[in-house]
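Q: My questions will all concern the structure given below.
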Amino acid sequence: MRQPRGRGEGIAPPSWLALVFLLPALLLLGFLVVYPIVYSVVRSFFDASGDSFVGLDNYVGVFQGHDNLVAVRNTAIWVVLAPTLVTIVGLLFAVLTERVRWATVFKMVVFMPMAISFLASGVIFRLVYEQDPDKGVANAAMVAVHDVFRDQVTYPGAAPRTTNGSPVRAEGGAVVSAQPVAAGQSALVPLLRVKAEDLPEKVRPAARPPAARAGELTGTVWFDFTRGGGGTPNAPDPGESGLPGVTVEAVRDGKVVGKATTAADGTFTIKDLPSGTFTVRVPKDTFTASYRGAEWLGSTLITPAIIGSYLWVWAGFAMVLIAAGLAAIPRDALEAARVDGATEWQVFRRVTIPLLAPVLMVVLVTLVINVLKVFDLVFIIGGGDPNASVLALRMWTESFGGGNDQGAGSAIAVLLFLLVMPAMLFNIRRLRQERR
C-alpha cells in the first residue's frame, strides 16, 4: 500500500531553478573576478605590445633592475614590520581599554582613522612629514623638544671680514682671534652676513666691551653692519646689533680654559682665567644651520614613515578584534592564576596571550594580506619616490603610470596574487576549524 506523503514533501524546487537564480550572480562574478584573473595570467606571458610571447621573462624581470629590487625589498619590510607592529599596538590598546575609565571614548578615538579614506590619510601624513618645522607637525615637535635641551643660538652663514685689519679670522669652521689676547684685556668679534631672521627677538644694540679685571677676559660679538652705510669697520657703532646667546671660549694649547655666553648686547666676560695669553674662539656650531628635524620623506626614513601612518590607520581595527577576543576569555582562568600567586605580567604572558593566540593570528594574517596590497598611502605620501615603492605600486606604474608595459604589470599582479593566496587559505582553514 502506498504511504501518504508527509507535509512539505515533493515541493523542493528542481536544481535547474536554483541555477537560474544563481546565474546573474555567477555571470557578474565571472565578469568582474574570474575573467580579469585569467586575462592577467595570460597577458603576463606576452611583451608590452601584447603581440610576442616572452614566456617567463616578465616574471624574471620583477627581480631585476634597481627600482624593482627596491620594491621587492620594501614589500618584504612591510610584510615583516607593519602587521607585527599593528598587532602589538592593537593588543596594548585592547588591554588598556579594560583598565581605563573612559574605555568607550578611547576606542572611538583610536578607531576613528578607519573612517577616513586612505587618500585623505595620505594627504594628512604628507603634511605631518613636511620638512619645514613651520608646516610639518612631526618636525615641529622634534625641534621643540630639541630646543628645550639646547640654549645656544646659531647664526648660520655668518663669517668675519677677510681683510688684514680684522681682529678675527675663520679657522676650521670656527672664528678665532687673529692675535693672542691676555687676561685683563678685551676682544672684539665682528661678524658679517648675519640673516635678519636669525636674530633673536631680544637683540639690543651692540655695546663696547666692559672693562676687564684681573683674571677676566671681556669682549663683544656683534653684527658689524650699519644700515644705510657708514660706520667704522671692526668697531661697535650705534645701530649695529649685538649677537646674544653666542658661546665664546678662551683656548690655550688646544684646550678650553674658560667660556662665557654673550648677553643681549653681544658683550661677554670670561672669568677665573689663569695668567698668560689665550685665543678667543667662537665654536663652529654657532655657524651651522639650526636643527630642523628629521628628513622623514628622504631615502632613509620614507618607508618607516609610511609604515607609521599605516599603524595610525589600522591600530583601531586590531584593537577592536583583539578586545572582542579578550572579552571572550574565561575570567575564571585569570582569577585562578592570580590566586596561585601569579603577577599581572605573568597572567598576561602565560594565560592571556595563549588564550588570545587564535585571535592574534587572524589579525596578523589579515594584516599581511592587506599589506601586500598597500598602494594608497605609498602613492600619496611617497609622491612617486622610487625609494618608497612596493610591488603594488610597481604594478600600477608598469601598467598605467608611465611604464606602458601591461605584460610586466600583469606579472607583478599574478605574483601578488600567489603571495596572498597562502594567507587567505590559512584564514579560511582556521575559520572552518573554529566552526567545527
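Ordering of the C-alpha cells sets the chain letters (A, B, ...); residue numbers start at 1 within each chain; ligands are numbered from 1 in the order shown.
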Determine, for each residue of stretch 87-202 of chain A having at least one atom at most 12 Å from an atom of stretch 360-364 of chain A, the closest pair of atoms and their separation in Å to one decimal, counting only C-alpha atoms; order by chain and ascending number, as a tab-separated table.
A:
residue	atom	partner	partner_atom	distance
A:Thr87	CA	A:Leu364	CA	6.3
A:Ile88	CA	A:Leu360	CA	9.1
A:Val89	CA	A:Leu360	CA	11.6
A:Gly90	CA	A:Val363	CA	9.5
A:Leu91	CA	A:Leu360	CA	8.4
A:Ala94	CA	A:Leu360	CA	11.7
Q: For the residues in that selection, give me C-alpha atoms as a PDB file, in the first residue's frame.
A:
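Final output, saved to part-v9.pdb:
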ATOM      1  CA  THR A  87      49.066  43.700  16.173  1.00  0.00           C
ATOM      2  CA  ILE A  88      51.267  44.608  19.142  1.00  0.00           C
ATOM      3  CA  VAL A  89      49.867  48.138  19.406  1.00  0.00           C
ATOM      4  CA  GLY A  90      46.317  46.838  18.976  1.00  0.00           C
ATOM      5  CA  LEU A  91      46.936  44.338  21.780  1.00  0.00           C
ATOM      6  CA  ALA A  94      42.829  46.426  23.852  1.00  0.00           C
TER       7      ALA A  94
END
Q: Write out as a list in words each polymer residue whose atoms come within 7 Å of A:Val194, counting only C-alpha atoms; drop sequence neighbours fewer than 3 positions from it.
A: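 That gives Tyr155, Gly157, Ala158 and Phe223 of chain A.
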Q: Go ahead and save the residues from that selection, with N, CA and C atoms, as a compact mmCIF listing (two decimals), in the first residue's frame.
A:
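File produced: again.txt:
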# COMPACT_ATOMS: atom_id res chain seq x y z
N TYR A 155 73.90 81.26 14.21
CA TYR A 155 73.85 82.26 13.15
C TYR A 155 74.46 81.64 11.90
N GLY A 157 75.83 80.82 8.39
CA GLY A 157 76.33 81.65 7.30
C GLY A 157 77.12 82.85 7.74
N ALA A 158 77.08 83.22 9.03
CA ALA A 158 77.85 84.38 9.49
C ALA A 158 79.35 84.10 9.38
N PHE A 223 76.99 92.17 15.03
CA PHE A 223 76.79 92.22 13.59
C PHE A 223 77.33 93.55 13.10
Q: When you look at A:Asp253 with a cut-off of 12 Å (counting only C-alpha atoms), what residues show up, excluding the ones that are within fewer than 6 positions of it in the same chain? I need them as a list in words.
A: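 In the requested format, the answer is Pro180, Gly276, Thr277, Phe278 and Thr279 of chain A.
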Q: Write out as a PyMOL selection string the residues lying within 9 Å of A:Pro386, counting only C-alpha atoms and excluding same-chain residues fewer than 4 positions away.
A: chain A and resi 67+70-71+299+382+390
Q: Please report, as a tab-separated table, each residue of stretch 229-318 of chain A lying at most 12 Å from stretch 105-109 of chain A, together with the nearest pair of atoms and the separation in Å rounded to one decimal; use only C-alpha atoms, and order rows by chain and ascending residue number.
A:
residue	atom	partner	partner_atom	distance
A:Trp312	CA	A:Val109	CA	11.0
A:Val313	CA	A:Val109	CA	11.2
A:Ala315	CA	A:Lys107	CA	10.3
A:Gly316	CA	A:Lys107	CA	7.3
A:Phe317	CA	A:Lys107	CA	10.0
A:Ala318	CA	A:Lys107	CA	11.1
Q: Output N, CA, C and O atoms for every residue in that selection, as a short mmCIF file (atom, residue, chain, number, x, y, z; two decimals), in the first residue's frame.
A:
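The resulting result02.cif:
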data_model
loop_
_atom_site.label_atom_id
_atom_site.label_comp_id
_atom_site.auth_asym_id
_atom_site.auth_seq_id
_atom_site.Cartn_x
_atom_site.Cartn_y
_atom_site.Cartn_z
N TRP A 312 48.85 54.17 12.33
CA TRP A 312 47.83 55.09 12.81
C TRP A 312 46.45 54.71 12.30
O TRP A 312 45.45 54.81 13.02
N VAL A 313 46.37 54.26 11.06
CA VAL A 313 45.08 53.93 10.46
C VAL A 313 44.53 52.61 10.98
O VAL A 313 43.36 52.50 11.34
N ALA A 315 45.56 50.56 13.65
CA ALA A 315 45.63 50.15 15.06
C ALA A 315 44.24 49.97 15.65
O ALA A 315 44.02 49.06 16.47
N GLY A 316 43.29 50.80 15.25
CA GLY A 316 41.93 50.66 15.76
C GLY A 316 41.27 49.37 15.33
O GLY A 316 40.54 48.73 16.10
N PHE A 317 41.51 48.95 14.09
CA PHE A 317 40.98 47.68 13.60
C PHE A 317 41.49 46.52 14.45
O PHE A 317 40.71 45.66 14.90
N ALA A 318 42.80 46.48 14.68
CA ALA A 318 43.37 45.40 15.50
C ALA A 318 42.85 45.47 16.93
O ALA A 318 42.57 44.44 17.55
#
Q: Show which residues sit within 7 Å of A:Gln131, as a list in words. Count only C-alpha atoms, and ignore same-chain residues fewer than 4 positions away.
A: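 Contacts, with the query itself left out: Gly136, Asn139 and Glu295 of chain A.
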Q: Save out the residues we just selected, N, CA and C atoms, as a PDB file, in the first residue's frame.
A:
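Heads up, here's the output in selection00.pdb:
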ATOM      1  N   GLY A 136      55.367  71.072   9.065  1.00  0.00           N
ATOM      2  CA  GLY A 136      55.269  69.670   9.446  1.00  0.00           C
ATOM      3  C   GLY A 136      55.144  69.487  10.948  1.00  0.00           C
ATOM      4  N   ASN A 139      58.238  67.371  12.625  1.00  0.00           N
ATOM      5  CA  ASN A 139      59.466  68.131  12.836  1.00  0.00           C
ATOM      6  C   ASN A 139      59.261  69.289  13.799  1.00  0.00           C
ATOM      7  N   GLU A 295      64.531  64.216   8.197  1.00  0.00           N
ATOM      8  CA  GLU A 295      64.080  64.203   6.800  1.00  0.00           C
ATOM      9  C   GLU A 295      63.202  62.962   6.611  1.00  0.00           C
TER      10      GLU A 295
END
Q: Could you give me, as number ranges by chain, the residues within 6 Å of A:Phe268, counting only C-alpha atoms and dropping anything in the same chain fewer than 4 positions from it?
A: A: 218-219, 262
Q: Which residue out of A:Leu27, A:Val175, A:Val137, A:Leu418 has the minimum interatomic distance to A:Pro160 when only C-alpha atoms are used?
A: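 Between A:Leu27, A:Val175, A:Val137, A:Leu418, the residue approaching A:Pro160 most closely is A:Val175.
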Q: Could you pull the residues within 7 Å of A:Ala408, counting only C-alpha atoms, minus those fewer than 2 positions along the same chain, as a PDB file with all heavy atoms, in the first residue's frame?
A:
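Done, and the output landed in around33.pdb:
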ATOM      1  N   SER A  44      50.487  38.125 -18.805  1.00  0.00           N
ATOM      2  CA  SER A  44      51.820  38.181 -18.188  1.00  0.00           C
ATOM      3  C   SER A  44      52.875  37.438 -18.985  1.00  0.00           C
ATOM      4  O   SER A  44      54.067  37.609 -18.731  1.00  0.00           O
ATOM      5  CB  SER A  44      51.754  37.625 -16.768  1.00  0.00           C
ATOM      6  OG  SER A  44      51.456  36.240 -16.781  1.00  0.00           O
ATOM      7  N   ASN A  58      58.840  38.190 -18.070  1.00  0.00           N
ATOM      8  CA  ASN A  58      58.252  39.236 -17.231  1.00  0.00           C
ATOM      9  C   ASN A  58      58.374  38.902 -15.749  1.00  0.00           C
ATOM     10  O   ASN A  58      58.566  39.794 -14.912  1.00  0.00           O
ATOM     11  CB  ASN A  58      56.782  39.437 -17.600  1.00  0.00           C
ATOM     12  CG  ASN A  58      56.609  40.127 -18.940  1.00  0.00           C
ATOM     13  OD1 ASN A  58      57.422  40.954 -19.336  1.00  0.00           O
ATOM     14  ND2 ASN A  58      55.551  39.767 -19.648  1.00  0.00           N
ATOM     15  N   GLU A 398      54.015  50.176 -13.848  1.00  0.00           N
ATOM     16  CA  GLU A 398      54.358  49.463 -15.083  1.00  0.00           C
ATOM     17  C   GLU A 398      53.177  49.427 -16.043  1.00  0.00           C
ATOM     18  O   GLU A 398      53.356  49.543 -17.257  1.00  0.00           O
ATOM     19  CB  GLU A 398      54.802  48.033 -14.758  1.00  0.00           C
ATOM     20  CG  GLU A 398      56.146  47.932 -14.047  1.00  0.00           C
ATOM     21  CD  GLU A 398      57.314  48.218 -14.974  1.00  0.00           C
ATOM     22  OE1 GLU A 398      57.095  48.382 -16.185  1.00  0.00           O
ATOM     23  OE2 GLU A 398      58.457  48.304 -14.480  1.00  0.00           O
ATOM     24  N   ASP A 405      53.707  48.984 -19.985  1.00  0.00           N
ATOM     25  CA  ASP A 405      54.070  47.579 -20.184  1.00  0.00           C
ATOM     26  C   ASP A 405      53.117  46.726 -19.348  1.00  0.00           C
ATOM     27  O   ASP A 405      53.404  46.362 -18.217  1.00  0.00           O
ATOM     28  CB  ASP A 405      55.519  47.342 -19.760  1.00  0.00           C
ATOM     29  CG  ASP A 405      56.013  45.959 -20.163  1.00  0.00           C
ATOM     30  OD1 ASP A 405      55.182  45.111 -20.542  1.00  0.00           O
ATOM     31  OD2 ASP A 405      57.235  45.710 -20.092  1.00  0.00           O
ATOM     32  N   GLN A 406      51.966  46.420 -19.921  1.00  0.00           N
ATOM     33  CA  GLN A 406      50.977  45.657 -19.181  1.00  0.00           C
ATOM     34  C   GLN A 406      51.392  44.206 -18.997  1.00  0.00           C
ATOM     35  O   GLN A 406      50.851  43.518 -18.126  1.00  0.00           O
ATOM     36  CB  GLN A 406      49.620  45.739 -19.880  1.00  0.00           C
ATOM     37  CG  GLN A 406      49.032  47.139 -19.861  1.00  0.00           C
ATOM     38  CD  GLN A 406      47.620  47.185 -20.404  1.00  0.00           C
ATOM     39  OE1 GLN A 406      47.056  46.164 -20.785  1.00  0.00           O
ATOM     40  NE2 GLN A 406      47.040  48.378 -20.451  1.00  0.00           N
ATOM     41  N   SER A 410      51.150  42.827 -15.364  1.00  0.00           N
ATOM     42  CA  SER A 410      50.360  41.617 -15.106  1.00  0.00           C
ATOM     43  C   SER A 410      51.179  40.580 -14.362  1.00  0.00           C
ATOM     44  O   SER A 410      50.656  39.866 -13.497  1.00  0.00           O
ATOM     45  CB  SER A 410      49.849  41.042 -16.430  1.00  0.00           C
ATOM     46  OG  SER A 410      49.002  41.948 -17.098  1.00  0.00           O
ATOM     47  N   ALA A 411      52.456  40.482 -14.678  1.00  0.00           N
ATOM     48  CA  ALA A 411      53.326  39.526 -13.970  1.00  0.00           C
ATOM     49  C   ALA A 411      53.408  39.882 -12.486  1.00  0.00           C
ATOM     50  O   ALA A 411      53.359  38.996 -11.616  1.00  0.00           O
ATOM     51  CB  ALA A 411      54.706  39.515 -14.604  1.00  0.00           C
ATOM     52  N   ILE A 412      53.535  41.161 -12.171  1.00  0.00           N
ATOM     53  CA  ILE A 412      53.577  41.580 -10.757  1.00  0.00           C
ATOM     54  C   ILE A 412      52.232  41.295 -10.084  1.00  0.00           C
ATOM     55  O   ILE A 412      52.180  40.855  -8.935  1.00  0.00           O
ATOM     56  CB  ILE A 412      53.929  43.079 -10.652  1.00  0.00           C
ATOM     57  CG1 ILE A 412      55.316  43.339 -11.252  1.00  0.00           C
ATOM     58  CG2 ILE A 412      53.892  43.539  -9.202  1.00  0.00           C
ATOM     59  CD1 ILE A 412      55.706  44.803 -11.283  1.00  0.00           C
TER      60      ILE A 412
END
Q: Between atom CA of A:Gln179 and atom CA of A:Val203, what distance in Å does the model show, to one decimal?
A: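 If I compute the distance from atom CA of A:Gln179 to atom CA of A:Val203, I get 28.0 Å.
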Q: From the set A:Ala214, A:Ala337, A:Pro283, A:Val414, which residue has the shortest atom-to-atom contact distance to A:Val62, counting only C-alpha atoms?
A: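 Among A:Ala214, A:Ala337, A:Pro283, A:Val414, it is A:Val414 that comes nearest to A:Val62.
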Q: Looking only at the backbone, which of the residues in stretch 67-274 of chain A does DSSP tag as alpha helix (DSSP H), as JSON, numbers by chain?
A: {"A": [67, 68, 69, 70, 71, 72, 73, 74, 75, 76, 77, 78, 79, 80, 81, 82, 83, 84, 85, 86, 87, 88, 89, 90, 91, 92, 93, 94, 95, 96, 97, 103, 104, 105, 106, 107, 108, 109, 110, 111, 118, 119, 120, 121, 122, 123, 124, 125, 126, 127, 128, 137, 138, 139, 140, 141, 142, 143, 144, 145, 146, 147, 148]}
Q: When DSSP works through the backbone of this structure, what residues of stretch 274-323 of chain A end up as strand (DSSP E or B), shown as a list in words?
A: Thr277, Phe278, Thr279, Val280, Arg281 and Val282 of chain A
Q: How many Å lie between atom CA of A:Ala140 and atom CA of A:Val153, rounded to one decimal?
A: 17.5 Å
Q: Go through A:Tyr39, A:Val280, A:Asn427, A:Ala305 and flag the residue nearest A:Lys255, using only C-alpha atoms for the distances.
A: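 Among the listed residues, the smallest separation from A:Lys255 belongs to A:Val280.
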